[in-house]
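Next up, data_12.csv (CSV, C-alpha atoms):
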chain,number,residue,atom,x,y,z
D,272,MET,CA,0.0,0.0,0.0
D,273,PRO,CA,1.6,3.3,-1.0
D,274,PRO,CA,2.0,5.8,1.8
D,275,LEU,CA,-0.7,8.4,2.0
D,276,PRO,CA,0.5,11.9,1.0
D,277,ASP,CA,1.0,14.4,3.6
D,278,PRO,CA,-2.3,16.1,4.4
D,279,GLU,CA,-0.7,19.5,4.6
D,280,THR,CA,0.6,19.2,1.0
D,281,VAL,CA,-2.8,18.0,-0.1
D,282,LYS,CA,-4.4,21.0,1.5
D,283,GLN,CA,-1.8,23.3,-0.1
D,284,ALA,CA,-2.5,21.7,-3.5
D,285,VAL,CA,-6.3,21.8,-3.2
D,286,LEU,CA,-6.8,25.1,-1.5
D,287,PRO,CA,-6.3,27.3,-4.6
D,288,PHE,CA,-9.2,25.5,-6.3
D,289,LEU,CA,-11.6,26.3,-3.6
D,290,ALA,CA,-11.7,30.1,-4.0
D,291,PRO,CA,-15.2,31.3,-4.9
D,292,GLN,CA,-14.3,32.7,-8.3
D,293,VAL,CA,-12.5,29.5,-9.2
D,294,LEU,CA,-15.5,27.4,-8.2
D,295,LEU,CA,-17.9,29.6,-10.1
D,296,PHE,CA,-15.7,29.3,-13.2
D,297,LEU,CA,-15.4,25.5,-12.9
D,298,THR,CA,-19.2,25.2,-12.5
D,299,PHE,CA,-20.3,27.4,-15.3
D,300,GLY,CA,-17.4,26.7,-17.6
D,301,PHE,CA,-18.1,23.0,-17.3
D,302,GLY,CA,-21.8,23.7,-17.9
D,303,ALA,CA,-21.1,25.7,-21.0
D,304,LEU,CA,-18.8,22.9,-22.3
D,305,VAL,CA,-21.4,20.2,-21.7
D,306,THR,CA,-24.2,22.1,-23.3
D,307,ALA,CA,-22.1,23.0,-26.3
D,308,ILE,CA,-21.2,19.3,-26.9
D,309,ALA,CA,-24.9,18.3,-26.4
D,310,MET,CA,-25.9,21.0,-28.9
D,311,VAL,CA,-23.7,19.4,-31.6
D,312,LEU,CA,-24.6,15.9,-30.7
D,313,HIS,CA,-28.4,16.4,-30.9
D,314,THR,CA,-30.1,15.7,-34.2
D,315,ASN,CA,-33.2,17.7,-33.3
D,316,PRO,CA,-32.7,21.4,-34.3
D,317,ILE,CA,-35.0,22.7,-31.6
D,318,ARG,CA,-33.1,20.8,-28.8
D,319,SER,CA,-29.9,22.1,-30.3
D,320,ALA,CA,-31.2,25.6,-30.1
D,321,LEU,CA,-32.3,25.2,-26.5
D,322,PHE,CA,-28.9,23.8,-25.6
D,323,LEU,CA,-27.3,26.8,-27.2
D,324,VAL,CA,-29.4,29.0,-25.0
D,325,LEU,CA,-28.1,27.2,-21.9
D,326,ASN,CA,-24.6,27.6,-23.3
D,327,LEU,CA,-25.0,31.3,-23.8
D,328,PHE,CA,-26.2,31.7,-20.2
D,329,GLY,CA,-23.1,29.9,-18.9
D,330,VAL,CA,-20.8,32.1,-21.0
D,331,ALA,CA,-22.8,35.1,-19.7
D,332,VAL,CA,-21.9,34.1,-16.1
D,333,LEU,CA,-18.3,33.9,-17.1
D,334,TYR,CA,-18.6,37.5,-18.5
D,335,LEU,CA,-19.8,38.5,-15.1
D,336,LEU,CA,-16.8,36.9,-13.5
D,337,LEU,CA,-14.6,39.0,-15.9
D,338,HIS,CA,-16.4,42.2,-14.7
D,339,ALA,CA,-18.1,42.6,-18.1
D,340,TYR,CA,-21.5,43.4,-16.7
D,341,PHE,CA,-22.9,45.2,-19.7
D,342,LEU,CA,-21.8,42.5,-22.1
D,343,ALA,CA,-23.3,39.8,-19.9
D,344,ALA,CA,-26.7,41.6,-20.0
D,345,VAL,CA,-26.4,42.0,-23.8
D,346,GLN,CA,-25.5,38.4,-24.1
D,347,VAL,CA,-28.7,37.3,-22.3
D,348,ILE,CA,-31.0,39.9,-23.9
D,349,VAL,CA,-29.7,39.9,-27.5
D,350,TYR,CA,-28.2,36.5,-28.0
D,351,ALA,CA,-30.3,34.2,-25.7
D,352,GLY,CA,-33.4,36.4,-26.2
D,353,ALA,CA,-33.6,37.9,-29.7
D,354,ILE,CA,-31.3,35.8,-31.9
D,355,MET,CA,-32.4,32.5,-30.5
D,356,VAL,CA,-36.1,33.4,-30.8
D,357,LEU,CA,-35.3,34.2,-34.5
D,358,PHE,CA,-33.7,30.8,-34.9
D,359,LEU,CA,-36.7,29.0,-33.3
D,360,PHE,CA,-39.1,31.1,-35.4
D,361,VAL,CA,-37.4,30.0,-38.6
D,362,ILE,CA,-37.2,26.4,-37.5
D,363,MET,CA,-40.9,26.5,-36.9
D,364,LEU,CA,-41.7,28.4,-40.1
D,365,LEU,CA,-39.8,25.9,-42.3
D,366,ASN,CA,-41.1,22.9,-40.4
D,367,LEU,CA,-37.6,21.6,-39.5
D,368,GLY,CA,-38.4,20.5,-36.0
D,369,SER,CA,-38.2,16.8,-36.8
D,370,PRO,CA,-34.7,15.2,-36.8
D,371,ASP,CA,-32.7,15.2,-40.0
D,372,ARG,CA,-33.7,12.1,-41.9
D,373,THR,CA,-32.0,12.9,-45.2
D,374,LYS,CA,-29.3,10.6,-46.4
D,375,ASP,CA,-25.8,11.8,-45.7
D,376,VAL,CA,-23.9,12.0,-48.9
D,377,LEU,CA,-20.4,12.5,-47.5
D,378,ARG,CA,-20.1,9.7,-44.9
D,379,TRP,CA,-16.4,10.0,-44.5
D,380,GLN,CA,-16.7,13.7,-43.5
D,381,GLN,CA,-17.8,13.1,-39.9
D,382,PRO,CA,-14.8,11.2,-38.6
D,383,VAL,CA,-12.5,13.5,-40.5
D,384,ALA,CA,-14.2,16.5,-39.0
D,385,VAL,CA,-14.0,15.1,-35.5
D,386,GLY,CA,-10.3,14.2,-35.9
D,387,GLY,CA,-9.5,17.6,-37.3
D,388,GLY,CA,-11.4,19.2,-34.4
D,389,LEU,CA,-9.3,17.2,-31.9
D,390,VAL,CA,-6.1,18.3,-33.6
D,391,LEU,CA,-7.3,21.9,-33.6
D,392,ALA,CA,-8.2,21.7,-29.9
D,393,LEU,CA,-4.8,20.1,-29.2
D,394,VAL,CA,-2.9,22.8,-31.0
D,395,LEU,CA,-4.8,25.7,-29.4
D,396,SER,CA,-4.4,24.2,-25.9
D,397,VAL,CA,-0.7,23.5,-26.4
D,398,SER,CA,-0.2,27.1,-27.5
D,399,VAL,CA,-1.8,28.2,-24.3
D,400,PHE,CA,0.2,25.8,-22.2
D,401,ALA,CA,3.5,26.8,-23.8
D,402,THR,CA,3.0,30.5,-23.1
D,403,GLN,CA,4.8,31.3,-19.9
D,404,SER,CA,4.2,35.0,-19.6
D,405,LEU,CA,0.4,35.2,-19.4
D,406,PRO,CA,-0.7,38.1,-17.2
D,407,ARG,CA,-2.0,37.4,-13.8
D,408,LEU,CA,-4.3,39.3,-11.5
D,409,ASP,CA,-3.4,40.1,-7.9
D,410,ALA,CA,-5.6,39.4,-4.9
D,411,GLN,CA,-7.5,42.6,-5.4
D,412,GLY,CA,-8.3,41.6,-9.0
D,413,LYS,CA,-6.1,44.2,-10.6
D,414,ALA,CA,-4.2,43.7,-13.8
D,415,PRO,CA,-0.5,43.9,-13.2
D,416,VAL,CA,0.8,46.0,-16.1
D,417,ARG,CA,-0.7,47.5,-19.2
D,418,LEU,CA,1.2,46.5,-22.3
D,419,VAL,CA,-0.1,49.3,-24.5
D,420,PRO,CA,1.0,52.9,-24.3
D,421,THR,CA,-1.7,55.0,-22.7
D,422,ALA,CA,-0.8,58.5,-23.9
D,423,PRO,CA,-2.1,59.0,-27.5
D,424,THR,CA,-4.5,56.5,-28.8
D,425,GLY,CA,-6.3,56.0,-32.0
D,426,MET,CA,-6.5,58.7,-34.6
D,427,GLN,CA,-4.5,61.2,-32.6
D,428,ALA,CA,-1.6,58.8,-32.6
D,429,MET,CA,-2.0,58.0,-36.2
D,430,GLU,CA,-2.0,61.7,-37.1
D,431,ALA,CA,0.9,62.5,-34.9
D,432,GLN,CA,3.3,60.0,-36.1
D,433,GLY,CA,1.8,58.8,-39.4
D,434,ILE,CA,1.6,55.2,-40.3
D,435,SER,CA,5.1,54.2,-39.5
D,436,PRO,CA,6.4,51.3,-41.7
D,437,GLU,CA,7.7,49.6,-38.6
D,438,GLY,CA,4.2,49.2,-37.4
D,439,MET,CA,3.2,49.6,-33.8
D,440,PRO,CA,5.4,51.5,-31.3
D,441,VAL,CA,7.3,49.4,-28.9
D,442,PRO,CA,5.0,48.3,-26.1
D,443,THR,CA,6.2,49.8,-22.8
D,444,PRO,CA,4.9,48.6,-19.5
D,445,VAL,CA,3.2,51.4,-17.7
D,446,PRO,CA,1.1,51.2,-14.6
D,447,ALA,CA,-2.5,50.1,-15.0
D,448,PRO,CA,-5.1,52.9,-15.0
D,449,GLY,CA,-6.8,51.4,-12.1
D,450,GLY,CA,-3.5,50.9,-10.2
D,451,GLY,CA,-4.0,54.0,-8.0
D,452,GLY,CA,-2.7,57.3,-9.3
D,453,GLY,CA,0.6,55.9,-10.6
D,454,GLY,CA,-0.1,57.2,-14.2
D,455,GLY,CA,0.8,60.8,-13.5
D,456,ALA,CA,4.4,60.1,-12.8
D,457,ALA,CA,5.0,58.0,-15.8
D,458,SER,CA,7.0,59.7,-18.5
D,459,PRO,CA,5.8,59.2,-22.0
D,460,PRO,CA,7.6,56.3,-23.7
D,461,PRO,CA,10.4,57.2,-26.1
D,462,GLY,CA,9.4,57.5,-29.7
D,463,LEU,CA,6.1,59.1,-28.9
D,464,PRO,CA,5.6,62.8,-29.3
D,465,GLU,CA,4.9,65.0,-26.3
D,466,GLU,CA,1.3,64.9,-25.4
D,467,GLU,CA,-0.6,66.5,-22.6
D,468,GLU,CA,-1.6,64.1,-19.8
D,469,PRO,CA,-4.6,62.1,-20.9
D,470,VAL,CA,-7.6,63.4,-18.9
D,471,SER,CA,-9.8,60.5,-20.0
D,472,LYS,CA,-12.5,60.0,-17.5
D,473,ALA,CA,-12.8,56.4,-18.7
D,474,ALA,CA,-9.3,55.6,-17.7
D,475,ASP,CA,-10.0,56.9,-14.2
D,476,LEU,CA,-12.7,54.4,-13.6
D,477,PRO,CA,-11.6,51.4,-11.4
D,478,VAL,CA,-11.5,48.0,-13.0
D,479,GLU,CA,-14.8,46.9,-11.5
D,480,GLU,CA,-16.6,49.8,-13.2
D,481,GLN,CA,-15.1,49.6,-16.6
D,482,GLY,CA,-17.6,47.0,-17.7
D,483,THR,CA,-20.7,48.8,-16.5
D,484,VAL,CA,-22.9,50.8,-18.8
D,485,ARG,CA,-21.2,53.9,-17.7
D,486,GLY,CA,-17.7,52.6,-18.4
D,487,ILE,CA,-18.6,51.2,-21.7
D,488,GLY,CA,-20.3,54.4,-22.8
D,489,LEU,CA,-17.4,56.6,-21.6
D,490,ASN,CA,-15.0,54.5,-23.6
D,491,LEU,CA,-17.2,53.9,-26.7
D,492,TYR,CA,-17.9,57.6,-27.3
D,493,ASP,CA,-14.6,58.9,-26.3
D,494,PRO,CA,-13.1,60.7,-29.3
D,495,ARG,CA,-9.6,60.0,-28.0
D,496,GLN,CA,-10.2,56.3,-28.4
D,497,PRO,CA,-10.6,54.4,-31.7
D,498,TRP,CA,-14.1,53.1,-31.2
D,499,LEU,CA,-16.2,55.8,-32.7
D,500,PHE,CA,-15.6,54.9,-36.3
D,501,PRO,CA,-16.4,51.2,-35.9
D,502,PHE,CA,-19.5,52.2,-34.0
D,503,GLU,CA,-20.8,54.3,-36.9
D,504,ALA,CA,-19.8,51.6,-39.4
D,505,THR,CA,-21.7,49.0,-37.4
D,506,SER,CA,-24.8,51.2,-37.6
D,507,ILE,CA,-24.5,51.2,-41.4
D,508,LEU,CA,-24.0,47.4,-41.3
D,509,LEU,CA,-27.1,46.9,-39.3
D,510,LEU,CA,-29.1,49.1,-41.6
D,511,VAL,CA,-27.9,47.1,-44.7
D,512,ALA,CA,-28.7,43.8,-42.9
D,513,VAL,CA,-32.2,44.9,-42.1
D,514,LEU,CA,-32.8,45.9,-45.7
D,515,GLY,CA,-31.2,42.8,-47.0
D,516,SER,CA,-33.2,40.4,-44.9
D,517,VAL,CA,-36.4,42.2,-45.8
D,518,VAL,CA,-35.6,42.0,-49.5
D,519,LEU,CA,-34.5,38.3,-49.3
D,520,SER,CA,-37.5,37.0,-47.4
D,521,LYS,CA,-40.1,39.1,-49.2
D,522,ARG,CA,-42.8,37.1,-50.9
D,523,ARG,CA,-43.0,38.1,-54.6
D,524,MET,CA,-46.5,38.9,-55.8
D,525,PRO,CA,-47.6,37.0,-58.9
D,526,GLY,CA,-46.4,38.7,-62.1
D,527,GLU,CA,-44.4,41.2,-60.2
D,528,SER,CA,-40.9,40.3,-61.5
D,529,LEU,CA,-40.4,38.1,-64.5
D,530,ALA,CA,-36.8,37.4,-63.6
D,531,GLY,CA,-37.7,36.4,-60.1
D,532,SER,CA,-40.4,33.9,-61.2
D,533,ARG,CA,-38.1,32.4,-63.8
D,534,ALA,CA,-35.4,31.9,-61.2
D,535,ALA,CA,-37.9,30.3,-58.9
D,536,GLU,CA,-39.1,27.9,-61.7
D,537,ALA,CA,-35.5,27.0,-62.5
D,538,GLY,CA,-34.9,26.3,-58.8
D,539,LEU,CA,-38.0,24.1,-58.5
D,540,ALA,CA,-37.0,22.2,-61.6
D,541,ALA,CA,-33.5,21.6,-60.3
D,542,ALA,CA,-34.9,20.5,-57.0
D,543,SER,CA,-37.3,18.1,-58.5
D,544,THR,CA,-34.8,16.5,-60.7
D,545,ALA,CA,-31.7,16.6,-58.5
D,546,ASP,CA,-32.8,15.0,-55.3
D,547,SER,CA,-34.4,11.8,-54.3
D,548,ALA,CA,-33.4,12.3,-50.7
D,549,VAL,CA,-36.2,14.5,-49.6
D,550,VAL,CA,-38.7,12.6,-47.4
D,551,PRO,CA,-41.9,12.5,-49.3
D,552,GLY,CA,-45.0,14.0,-47.9
D,553,GLU,CA,-43.3,16.8,-46.2
D,554,THR,CA,-43.8,19.5,-48.7
D,555,LEU,CA,-45.4,22.6,-47.4
D,556,PRO,CA,-48.2,24.6,-48.9
D,557,GLY,CA,-47.4,28.1,-49.8
D,558,GLY,CA,-44.0,29.6,-50.1
D,559,LYS,CA,-43.8,29.3,-53.8
D,560,ALA,CA,-43.3,32.4,-55.8
V,272,MET,CA,12.0,17.1,-13.9
V,273,GLU,CA,11.9,20.1,-11.6
V,274,PRO,CA,8.7,20.8,-9.8
V,275,ILE,CA,7.1,23.9,-11.2
V,276,ASP,CA,6.9,26.9,-8.9
V,277,PRO,CA,3.2,27.5,-8.4
V,278,ALA,CA,3.8,31.2,-8.6
V,279,LEU,CA,5.0,30.8,-12.1
V,280,ASN,CA,2.7,28.1,-13.3
V,281,PRO,CA,-0.1,29.7,-15.3
V,282,LEU,CA,-2.4,26.7,-14.8
V,283,ILE,CA,-2.8,26.9,-11.0
V,284,PRO,CA,-5.1,29.5,-9.6
V,285,ALA,CA,-3.3,32.1,-7.4
V,286,ASN,CA,-4.6,34.9,-5.3
V,287,GLY,CA,-8.0,33.5,-5.4
V,288,GLN,CA,-8.3,34.4,-9.1
V,289,VAL,CA,-8.9,32.2,-12.1
V,290,PRO,CA,-5.9,32.0,-14.3
V,291,LEU,CA,-6.1,33.5,-17.8
V,292,SER,CA,-5.1,30.2,-19.3
V,293,TRP,CA,-8.3,28.6,-18.1
V,294,TYR,CA,-10.4,31.1,-20.0
V,295,LEU,CA,-8.3,30.6,-23.1
V,296,ILE,CA,-8.5,26.8,-23.0
V,297,LEU,CA,-12.3,26.9,-22.5
V,298,SER,CA,-12.6,29.3,-25.3
V,299,ALA,CA,-10.4,27.1,-27.5
V,300,ILE,CA,-12.5,24.0,-26.7
V,301,LEU,CA,-15.8,25.9,-27.4
V,302,PHE,CA,-14.4,27.1,-30.7
V,303,THR,CA,-13.4,23.6,-31.6
V,304,VAL,CA,-16.9,22.2,-30.8
V,305,GLY,CA,-18.4,24.9,-33.0
V,306,THR,CA,-16.0,24.0,-35.8
V,307,VAL,CA,-16.8,20.3,-35.7
V,308,GLY,CA,-20.5,21.2,-35.6
V,309,VAL,CA,-20.2,23.3,-38.7
V,310,LEU,CA,-18.4,20.5,-40.5
V,311,VAL,CA,-20.7,17.7,-39.4
V,312,LYS,CA,-24.2,19.1,-39.5
V,313,ARG,CA,-26.4,19.0,-42.6
V,314,ASN,CA,-29.1,21.4,-41.4
V,315,PRO,CA,-28.0,25.0,-42.2
V,316,ILE,CA,-29.8,26.4,-39.2
V,317,VAL,CA,-27.8,24.2,-36.9
V,318,ILE,CA,-24.7,25.3,-38.8
V,319,PHE,CA,-25.6,28.9,-38.1
V,320,MET,CA,-26.0,28.1,-34.4
V,321,CYS,CA,-22.5,26.5,-34.4
V,322,VAL,CA,-21.1,29.6,-36.0
V,323,GLU,CA,-22.7,31.6,-33.2
V,324,LEU,CA,-21.0,29.2,-30.7
V,325,MET,CA,-17.6,30.0,-32.4
V,326,LEU,CA,-18.2,33.7,-32.2
V,327,ASN,CA,-19.1,33.4,-28.6
V,328,ALA,CA,-15.8,31.5,-27.9
V,329,VAL,CA,-13.9,34.3,-29.6
V,330,ASN,CA,-15.8,36.9,-27.5
V,331,LEU,CA,-14.8,35.0,-24.3
V,332,ALA,CA,-11.2,35.1,-25.3
V,333,LEU,CA,-11.4,38.8,-26.1
V,334,ILE,CA,-13.0,39.7,-22.9
V,335,ALA,CA,-10.6,37.6,-20.8
V,336,PHE,CA,-7.6,39.2,-22.5
V,337,GLY,CA,-9.1,42.6,-22.0
V,338,ARG,CA,-9.6,41.9,-18.3
V,339,TYR,CA,-6.2,40.5,-17.7
V,340,LEU,CA,-4.4,43.2,-19.6
V,341,GLY,CA,-6.4,46.0,-18.0
V,342,ASP,CA,-7.6,47.1,-21.4
V,343,ILE,CA,-11.2,48.0,-22.2
V,344,GLY,CA,-10.6,47.2,-25.9
V,345,GLY,CA,-11.5,43.6,-25.5
V,346,GLN,CA,-15.0,44.4,-24.4
V,347,MET,CA,-15.4,47.0,-27.2
V,348,ILE,CA,-14.4,44.5,-29.9
V,349,ALA,CA,-16.8,42.0,-28.3
V,350,ILE,CA,-19.6,44.4,-28.7
V,351,PHE,CA,-18.9,44.8,-32.4
V,352,VAL,CA,-18.6,41.0,-32.8
V,353,MET,CA,-22.1,40.7,-31.3
V,354,ALA,CA,-23.5,43.3,-33.7
V,355,VAL,CA,-21.9,41.6,-36.7
V,356,ALA,CA,-23.3,38.3,-35.5
V,357,ALA,CA,-26.8,39.7,-35.2
V,358,ALA,CA,-26.6,41.1,-38.7
V,359,GLU,CA,-25.2,37.8,-40.0
V,360,VAL,CA,-28.1,35.9,-38.5
V,361,ALA,CA,-30.7,38.2,-39.9
V,362,VAL,CA,-29.3,38.0,-43.4
V,363,GLY,CA,-28.5,34.3,-43.2
V,364,LEU,CA,-32.0,33.3,-42.1
V,365,GLY,CA,-33.5,35.5,-44.9
V,366,ILE,CA,-31.4,33.6,-47.4
V,367,LEU,CA,-32.5,30.3,-45.9
V,368,ILE,CA,-36.1,31.2,-46.2
V,369,SER,CA,-35.7,32.3,-49.8
V,370,ILE,CA,-33.8,29.0,-50.6
V,371,PHE,CA,-36.6,27.0,-49.0
V,372,ARG,CA,-39.2,28.9,-51.0
V,373,SER,CA,-37.5,28.0,-54.3
V,374,ARG,CA,-36.6,24.3,-53.6
V,375,GLU,CA,-38.7,23.1,-50.6
V,376,SER,CA,-35.6,21.8,-48.9
V,377,ILE,CA,-32.6,23.4,-47.3
V,378,ASN,CA,-30.3,20.4,-46.9
V,379,VAL,CA,-26.8,21.8,-47.6
V,380,ASP,CA,-25.9,18.8,-49.8
V,381,GLU,CA,-28.6,19.6,-52.2
V,382,VAL,CA,-27.7,23.2,-52.7
V,383,ASN,CA,-24.9,22.3,-55.1
V,384,LEU,CA,-25.4,24.5,-58.1
V,385,MET,CA,-21.9,25.9,-57.8
V,386,GLN,CA,-20.3,22.5,-57.6
V,387,GLY,CA,-17.5,22.2,-60.1

Encoding of this model in structure tokens:
Amino acid sequence: MPPLPDPETVKQAVLPFLAPQVLLFLTFGFGALVTAIAMVLHTNPIRSALFLVLNLFGVAVLYLLLHAYFLAAVQVIVYAGAIMVLFLFVIMLLNLGSPDRTKDVLRWQQPVAVGGGLVLALVLSVSVFATQSLPRLDAQGKAPVRLVPTAPTGMQAMEAQGISPEGMPVPTPVPAPGGGGGGGAASPPPGLPEEEEPVSKAADLPVEEQGTVRGIGLNLYDPRQPWLFPFEATSILLLVAVLGSVVLSKRRMPGESLAGSRAAEAGLAAASTADSAVVPGETLPGGKA
Amino acid sequence: MEPIDPALNPLIPANGQVPLSWYLILSAILFTVGTVGVLVKRNPIVIFMCVELMLNAVNLALIAFGRYLGDIGGQMIAIFVMAVAAAEVAVGLGILISIFRSRESINVDEVNLMQG
């Protein structure tokens, strides 16, 4: 019988895993993992969608652990609420609730996909294991150093120094903005032009408040930071997406568009000649152009 | 083999905080599950859901890096990823409905007009 390990060493080894944040991560991370795998394994699309909702909730809890409160709320409201309702609505509209009974044409693809997925997971995990210099948080939950220069950001920096062919300026560790008033004494890193001290209100927020609605808004609409242009571009993207989805799913009136009806006829002819795999008796009334 | 100093090992939690590598590994596994789902599934709606899973895994990695580097940029990019995902779902489901209207089936193996 092998000797029992020293209880003190066992306690020392186990104790780090019993911190509340670690336990929360383990619980909800494991839940997110299990629901993701169940989502892929289920053949019923509706059950897959419901497992994806559970997975999104688990990831939202992890966002809360990372102090990203606004994003956790957006995750639950937009993803688990709006987008998943859209999925379920389309599943219901197209009568896809029954499991997939069509014949699989590429039988060899499934084992190849699983093998390739295992290789991908292995490579990604090894790349994480091999990294020795990952940043760590201290007991108060503060990030140790900030690896990006704080002084000029975004368009100001681009205008000030142009697009240098060397790329980004050399990252210089400077104290974190939440680190307690250490930013004032830091001299600007060499290679950067003289700038006045950044008076960003957002940078003054403590770490716990940067993920709230106030912190997100102060950062997102701060003209010294590079997020305004992507924000406006996203608004145009959403407008185009709304128009596109309306045009795509609009039902054509009879005789409205000759090209459209011809395309629909061609599609129907191709569908009727090409496949014998569709389960008979499941055609839906309506939906034809 | 020398025992690894727990203060340097990025896999053991220290200071009562979850190590960054745990978030990255969870994100990597979720991304892989989504990739396998995209490759294996034949129902395009489920393929879309697997793409959502992959985008979520990337969001998790972004937010974790932003938190551990003390940079708000991770959360900002995650917001834009969410907006792009919403736009993608809206357009993609519109395309699916229009494909279903024209051929009464949306099995991805049968939509092969562009097959060489």

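Note that atom CA of D:Asp409 and atom CA of D:Val345 are 28.0 Å apart.
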
As a PDB file with C-alpha atoms, in the frame of the given file, please: the residues near stretch 378-382 of chain D (cut-off 9 Å, only C-alpha atoms, same-chain neighbours under 3 positions excluded).
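Listing of around-v4.pdb after writing:
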ATOM      1  CA  ASP D 375     -25.800  11.800 -45.700  1.00  0.00           C
ATOM      2  CA  VAL D 385     -14.000  15.100 -35.500  1.00  0.00           C
ATOM      3  CA  GLY D 386     -10.300  14.200 -35.900  1.00  0.00           C
ATOM      4  CA  GLY D 387      -9.500  17.600 -37.300  1.00  0.00           C
TER       5      GLY D 387
ATOM      6  CA  VAL V 307     -16.800  20.300 -35.700  1.00  0.00           C
ATOM      7  CA  LEU V 310     -18.400  20.500 -40.500  1.00  0.00           C
ATOM      8  CA  VAL V 311     -20.700  17.700 -39.400  1.00  0.00           C
ATOM      9  CA  LYS V 312     -24.200  19.100 -39.500  1.00  0.00           C
TER      10      LYS V 312
END

- Message: Applying 8 Å and all atoms listed in the file, which residues near D:Leu491 remain after dropping the ones on its own chain fewer than 5 positions away? List them as a VMD selection string.
- Response: (chain D and resid 496 498 to 499 502) or (chain V and resid 347)

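Here atom CA of D:Ala504 and atom CA of D:Ile348 stand 22.4 Å from one another.
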
- Just how far from atom CA of V:Gly365 is atom CA of D:Val518, in Å to one decimal?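 Atom CA of D:Val518 sits 8.2 Å away from atom CA of V:Gly365.
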
Pick the closest to D:Glu479 from V:Arg338, V:Ile377, V:Gln386, V:Ile348: which is it, counting only C-alpha atoms?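 For D:Glu479, the nearest of the given residues is V:Arg338.
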
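Of the residues listed (V:Ala354, V:Leu301, V:Leu282, V:Leu333), V:Leu301 shows the shortest atom-to-atom separation from D:Ala309; distances use only C-alpha atoms.
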
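Counting all atoms listed in the file, the residue from D:Ala290, D:Leu333, D:Met310, D:Leu365 that sits nearest to V:Glu323 is D:Met310.
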
Neighbours of V:Met353 within 9 Å (all atoms listed in the file; same-chain residues fewer than 3 positions away dropped), as a PyMOL selection string?
(chain D and resi 345-346+349-350) or (chain V and resi 326-327+330+348-350+356-358)

Self-check item: V:Ala299 surroundings by only C-alpha atoms, 10 Å radius, close-in-sequence under 2 positions cut, as a list in words
Solution: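 Counting only C-alpha atoms, the residues come to Leu391, Ala392, Leu393, Val394, Leu395, Ser396 and Val399 of chain D; Trp293, Tyr294, Leu295, Ile296, Leu297, Leu301, Phe302, Thr303, Val304, Gly305, Met325, Ala328, Val329, Leu331 and Ala332 of chain V.
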